[in-house]
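Data block below; observations after.
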Amino acid sequence: MAKAKLEELESPAMLEEFYRQMVFIRRFEEKCNVAYRLGKIGGYMHTAVGMEVTPVGFHHVLKPTYDYIITAYRDHPQPLLLGSDPVSVMGEIMGRSAGLSRGKGGSMHVYDIEKGFFGGWGIVGGHIPLGAGLAFGSKYKGEDRVTLCLLGDGAANQGVVFESMNMAALWDLPIIFAIENNEFAMGTRLEYHAADTELYKRGEPFGIKSERVDGMDILSFIKDAKRIVDWVRKEQKPYVMEIMNYRFNGHGAADNDRQLYRTKEEEAAAEKRDPIARLEKVLIDRNIMNREKMEAIDEELTDQVEAIYEAADASPFPDADEVYANVYTDMEPEKGH
Amino acid sequence: MATIEMTYRDAISKVLAEEIEHDENVLIMGEDIGRYQGTFRVTQGMFEKYGGKRIVDTPITEAGFTGIAIGAAMVGLRPVVEMMTMSFSILAMDQIINHAAKIHYMTGGQAKVPLVVRGPGGAAKQLSAQHTHCLEGWYAHAPGLKVVAPATAVDAYGMLRTAIRDDNPVIFTENPGLYTVKGEVPDDRDFSIPFGKAQILHEGKDVSLIGYSRMTQVNLAAAEALEKDGISAEVVDVRSLSPLDMTTINASVAKTHRAVVVYEDWKFGGFGGEIAARIGEESFDELDAPVVRCGGLNVPTPYARNLELECIPDVDDVIAAVRKLG
């Protein structure tokens, strides 16, 4: 990587932007948790608290809205970064007509297709072949897009992951299988669900370049992510990344009993790796920002999130007649009970 | 319009080749469809003619390549997935039902999935329990999919073109027993038959024989046999399970006042039950007798030829069902 680029990634302005984006995502997710407890959000909802480095880091090394991103159900941060109307993101999570899918998808199914964000999927591992299909499509058309396919350590055991990796290698698909290893498949610890806990090795049998990276440090992550994205774009071949991180919340908002699978001591130790706190230390050490400024930014973003929530909450629920819309592109399904 | 006599199989091959030439985003994916020429030879010669970009040989990994086709469809390709047999599509059912069928809806109309999944469905000859499924009823159960089951060469030709040009995921089932059935097919690269239109293939006044796919051919033979006994049977070829044309079915029942629904799938819980229930709900006053279902036996299809034949409704079974109507 050229030196100038490296410096650019660590410029004061860039670091401030990382900080703003990571804090914004955290405050947004925390607001979602509060709204869930208030009954304003239903069903299953999964937040990315503690996992902000991955979406923010990739956002700065991909070509936003040109490259394709697909992920599972922890899908709030990506559209927020891509510039989707945050009220539409929150509106979707709250099942309102202002939502990106006008309330048809919900928290697990957030999409902004025009911006290259392909969701938002609820079947663990089910979206991996779709991701390979996005890469197949761009390659077929002779474009140089990169597809970022995010999955968790739990999904890494699904059969379609191996099927997709095989075809991605066989057909040289420009896709990054980015396995976010947060150490838990819902409530099952890594060593109880994976025969080999070094998940990056799953690309190796297919001859896919594979490596493990730190997903709790934005500065190291962004360099790794840039090198890998640039390689995939240039070579138009797949890559497997294992991103080591940790989710501070439960698996989902309905997961209230984290002590069933991890101890409070372990959580406390993990919180010392908090990516936002780590970045704050860098900002102070480099004299880019003082605590006062950080608090001001946090307050500003917290207010922003509050305003987004209020606007989404003001949006009505979808009209009852909408229930039949969009089952097909050109006809309605059979109607009535 | 000039027509050419050809088999059901050749009609499918013809439209596949024409659509490959018509639209650069159309491609075919599947197991052994390229270099090996296709298990049922539907794609014979296409790999040599159109190359590996358009005719994609896949590993034996139905869930994976179906998912890839769905993803590719979301970004504008129009993949036609060939299942070596529809029975294998069970491996891809999560991709088809839990993904493809729901994408347009879950995205609030943002994404489209112009995908065709086609292949032989139903009994061939002694392929045993795992290669003989009729899955069209399973798929028709899922909103978001269109499901068609043409019974004639001309319908296979016209409906597969409609399927490929449709912006929704379409399940196109080809009963292997139909591949050698011949018919007149228009020599017209834009000829298409819309979905959701049943047709009367044989007029009658005493009983409606309602079916689709190969059972329509069985019903035509049964109608001929019944005619010798003085019973005038009308053959309603449903063609399209979803959307379903109840208008044509109800009109036929209003004329004959009796209905037998014939389907190769397991009788219990099969799609014929849906048609029978709909006739009951919508044409009750027209009926002179309860609607009778004639379906496949509720067993995994056995290997022994005599047992296998026992399972699949044939002309005698249809006639016996008609006799039940009194």
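How things are named: the first chain in the structure tokens is A, the next is B, and so on; residues count from 1 in each chain; ligands count from 1 in the order shown.
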Show me, as a PDB file with N, CA and C atoms, in the first residue's frame, the residues of chain B whose atoms get within 6 Å of chain A, using only C-alpha atoms for the distance check.
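Result written to iface24.pdb:
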ATOM      1  N   GLY B  64     -26.350 -24.350  -2.890  1.00  0.00           N
ATOM      2  CA  GLY B  64     -25.347 -23.341  -3.206  1.00  0.00           C
ATOM      3  C   GLY B  64     -25.583 -22.681  -4.553  1.00  0.00           C
ATOM      4  N   GLY B  67     -28.756 -20.607  -4.716  1.00  0.00           N
ATOM      5  CA  GLY B  67     -28.552 -19.334  -4.019  1.00  0.00           C
ATOM      6  C   GLY B  67     -27.746 -18.363  -4.864  1.00  0.00           C
ATOM      7  N   ILE B  68     -26.731 -18.866  -5.549  1.00  0.00           N
ATOM      8  CA  ILE B  68     -25.938 -18.007  -6.434  1.00  0.00           C
ATOM      9  C   ILE B  68     -26.828 -17.453  -7.555  1.00  0.00           C
ATOM     10  N   ALA B  69     -27.684 -18.313  -8.093  1.00  0.00           N
ATOM     11  CA  ALA B  69     -28.591 -17.839  -9.143  1.00  0.00           C
ATOM     12  C   ALA B  69     -29.537 -16.757  -8.604  1.00  0.00           C
ATOM     13  N   GLY B  71     -28.942 -14.661  -6.074  1.00  0.00           N
ATOM     14  CA  GLY B  71     -28.145 -13.443  -5.900  1.00  0.00           C
ATOM     15  C   GLY B  71     -27.877 -12.767  -7.232  1.00  0.00           C
ATOM     16  N   ALA B  72     -27.539 -13.562  -8.233  1.00  0.00           N
ATOM     17  CA  ALA B  72     -27.268 -13.003  -9.565  1.00  0.00           C
ATOM     18  C   ALA B  72     -28.534 -12.372 -10.144  1.00  0.00           C
ATOM     19  N   HIS B 104     -38.804 -10.037  -2.902  1.00  0.00           N
ATOM     20  CA  HIS B 104     -39.518  -8.849  -3.380  1.00  0.00           C
ATOM     21  C   HIS B 104     -40.365  -8.253  -2.251  1.00  0.00           C
ATOM     22  N   TYR B 105     -40.945  -9.135  -1.474  1.00  0.00           N
ATOM     23  CA  TYR B 105     -41.815  -8.696  -0.373  1.00  0.00           C
ATOM     24  C   TYR B 105     -41.007  -8.088   0.769  1.00  0.00           C
ATOM     25  N   MET B 106     -39.986  -8.809   1.211  1.00  0.00           N
ATOM     26  CA  MET B 106     -39.215  -8.328   2.372  1.00  0.00           C
ATOM     27  C   MET B 106     -38.497  -7.017   2.078  1.00  0.00           C
ATOM     28  N   THR B 107     -38.167  -6.800   0.803  1.00  0.00           N
ATOM     29  CA  THR B 107     -37.492  -5.548   0.452  1.00  0.00           C
ATOM     30  C   THR B 107     -38.507  -4.446   0.148  1.00  0.00           C
ATOM     31  N   GLY B 108     -39.784  -4.731   0.309  1.00  0.00           N
ATOM     32  CA  GLY B 108     -40.811  -3.734  -0.008  1.00  0.00           C
ATOM     33  C   GLY B 108     -40.774  -3.364  -1.484  1.00  0.00           C
ATOM     34  N   GLY B 109     -40.440  -4.340  -2.323  1.00  0.00           N
ATOM     35  CA  GLY B 109     -40.435  -4.095  -3.770  1.00  0.00           C
ATOM     36  C   GLY B 109     -39.123  -3.566  -4.318  1.00  0.00           C
ATOM     37  N   GLY B 144     -45.288 -15.832  -3.562  1.00  0.00           N
ATOM     38  CA  GLY B 144     -44.051 -15.248  -4.079  1.00  0.00           C
ATOM     39  C   GLY B 144     -43.472 -16.056  -5.228  1.00  0.00           C
TER      40      GLY B 144
END
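Excluding region 147-149 of chain B itself and any same-chain residue fewer than 6 positions from it, the protein and nucleic acid residues within 8 Å of it, counting only C-alpha atoms, are Glu136, Tyr139, Ala140, Met159, Val170, Ile171, Phe172, Thr173, Glu174, Phe195, Tyr212, Ser213, Arg239, Ser240, Leu241, Ser242 and Pro243 of chain B.
Each of B:Ile279, B:Leu287, B:Val236, B:Ala63 was checked against Leu201 (chain B) using only C-alpha atoms; the smallest atom-to-atom distance is that of B:Val236.
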Handout entry: alpha helix (DSSP H) per DSSP on the backbone: members of region 224-308 of chain B, as a ChimeraX atom specification
Key = /B:224-228,246-256,271-282,305-308
Give me the residues within 10 Å of region 22-29 of chain A as a PDB file with C-alpha atoms, in the first residue's frame, counting only C-alpha atoms and dropping any in the same chain fewer than 6 places off.
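What follows is the written file selection38.pdb:
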ATOM      1  CA  GLU A  16     -12.715  12.014  13.902  1.00  0.00           C
ATOM      2  CA  ALA A  35     -37.246   1.037  22.128  1.00  0.00           C
ATOM      3  CA  MET A  45     -33.610  -7.653  16.948  1.00  0.00           C
ATOM      4  CA  HIS A  46     -29.829  -7.904  17.070  1.00  0.00           C
ATOM      5  CA  THR A  47     -27.542  -4.970  17.716  1.00  0.00           C
ATOM      6  CA  ALA A  48     -23.877  -4.482  16.876  1.00  0.00           C
ATOM      7  CA  VAL A  49     -22.754  -2.887  20.145  1.00  0.00           C
ATOM      8  CA  GLY A  50     -19.035  -3.640  20.436  1.00  0.00           C
ATOM      9  CA  MET A  51     -18.832  -4.645  16.775  1.00  0.00           C
ATOM     10  CA  GLU A  52     -18.733  -1.172  15.218  1.00  0.00           C
ATOM     11  CA  VAL A  53     -15.254  -1.508  13.730  1.00  0.00           C
ATOM     12  CA  THR A  54     -16.303  -3.903  10.973  1.00  0.00           C
ATOM     13  CA  PRO A  55     -18.974  -1.754   9.292  1.00  0.00           C
ATOM     14  CA  VAL A  56     -17.084   1.512   9.778  1.00  0.00           C
ATOM     15  CA  GLY A  57     -13.759   0.091   8.633  1.00  0.00           C
ATOM     16  CA  HIS A  76     -28.524  -1.711  11.132  1.00  0.00           C
ATOM     17  CA  PRO A  77     -25.058  -0.121  10.765  1.00  0.00           C
ATOM     18  CA  GLN A  78     -24.418  -0.640   7.038  1.00  0.00           C
ATOM     19  CA  LEU A  80     -26.734   4.113   8.170  1.00  0.00           C
ATOM     20  CA  LEU A  81     -23.176   4.428   6.845  1.00  0.00           C
ATOM     21  CA  PRO A  86     -31.776   7.022   9.116  1.00  0.00           C
ATOM     22  CA  MET A  90     -35.334   3.186  12.277  1.00  0.00           C
ATOM     23  CA  ILE A 218     -10.193   0.474  13.895  1.00  0.00           C
ATOM     24  CA  ASN A 249     -25.036  -7.087  24.176  1.00  0.00           C
ATOM     25  CA  PRO A 275     -13.178  -0.257  20.137  1.00  0.00           C
ATOM     26  CA  ILE A 276     -14.613   3.161  20.925  1.00  0.00           C
ATOM     27  CA  LEU A 279     -10.032   5.028  19.588  1.00  0.00           C
ATOM     28  CA  MET A 294     -15.718  13.817  22.689  1.00  0.00           C
ATOM     29  CA  ILE A 297     -19.810  14.875  19.890  1.00  0.00           C
ATOM     30  CA  ASP A 298     -21.509  12.151  21.890  1.00  0.00           C
ATOM     31  CA  GLU A 299     -24.193  14.565  23.020  1.00  0.00           C
ATOM     32  CA  GLU A 300     -24.736  15.826  19.486  1.00  0.00           C
ATOM     33  CA  LEU A 301     -25.066  12.278  18.118  1.00  0.00           C
ATOM     34  CA  THR A 302     -27.293  11.165  20.975  1.00  0.00           C
ATOM     35  CA  ASP A 303     -29.608  14.071  20.171  1.00  0.00           C
ATOM     36  CA  GLN A 304     -29.519  13.119  16.497  1.00  0.00           C
ATOM     37  CA  VAL A 305     -30.506   9.550  17.300  1.00  0.00           C
ATOM     38  CA  GLU A 306     -33.284  10.806  19.542  1.00  0.00           C
ATOM     39  CA  ILE A 308     -34.422  10.035  14.303  1.00  0.00           C
ATOM     40  CA  TYR A 309     -36.352   7.883  16.743  1.00  0.00           C
TER      41      TYR A 309
END
Problem - Exercise: Val81 (chain B) partners within 9 Å, only C-alpha atoms, chain neighbours under 2 positions left out, as a VMD selection string - result: chain B and resid 27 to 30 65 to 66 69 79 83 115 to 119
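In this model, the gap between CA of Lys112 (chain B) and CA of Met74 (chain B) comes to 5.7 Å.
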Exercise for the section: Show which residues sit within 9 Å of Glu24 (chain B), as a PyMOL selection string. Count only C-alpha atoms, and ignore same-chain residues fewer than 5 positions away. Expected result: chain B and resi 19+54+77-78
Problem - CA of Arg262 (chain A) to CA of Glu191 (chain A), straight-line distance in Å - result: 12.6 Å
Practice task
Do a neighbour search on region 35-39 of chain B at 8 Å with only C-alpha atoms, toss out local chain neighbours closer than 4 positions, and write the hits as an MDAnalysis selection string.
Solution key: chainID B and resid 31 43:48 57 84
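The coordinates place CA of Ser210 (chain A) at 11.1 Å from CA of Ile243 (chain A).
The smallest atom-to-atom distance between Trp231 (chain A) and any of A:Ile175, A:Cys32, A:Leu199, A:Ile93, using only C-alpha atoms, is found for A:Ile175.
Here the question is which of A:Phe248, A:Phe117, A:Tyr261, A:Phe58 gets nearest to Ile176 (chain A) using only C-alpha atoms, and that residue is A:Phe58.
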Practice task
Compile the contact shell of Ala151 (chain B) as a PyMOL selection string: residues with an atom at most 12 Å away, counting only C-alpha atoms, same-chain residues fewer than 6 positions apart removed.
Solution key: chain B and resi 7-9+11+157-159+172-183+198-199+201+211-220+235-240
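If you measure from each of A:Ile179, A:Met244, A:Ala195, A:Leu150 to Tyr73 (chain A) using only C-alpha atoms, the closest one turns out to be A:Leu150.
The smallest atom-to-atom distance between Ala72 (chain A) and any of A:Asn157, A:Val232, A:Ala270, A:Val124, using only C-alpha atoms, is found for A:Val124.
If only C-alpha atoms are the atoms counted, then among B:Thr58, B:Asn168, B:Thr162, B:Ser252 the closest residue to Glu203 (chain B) is B:Ser252.
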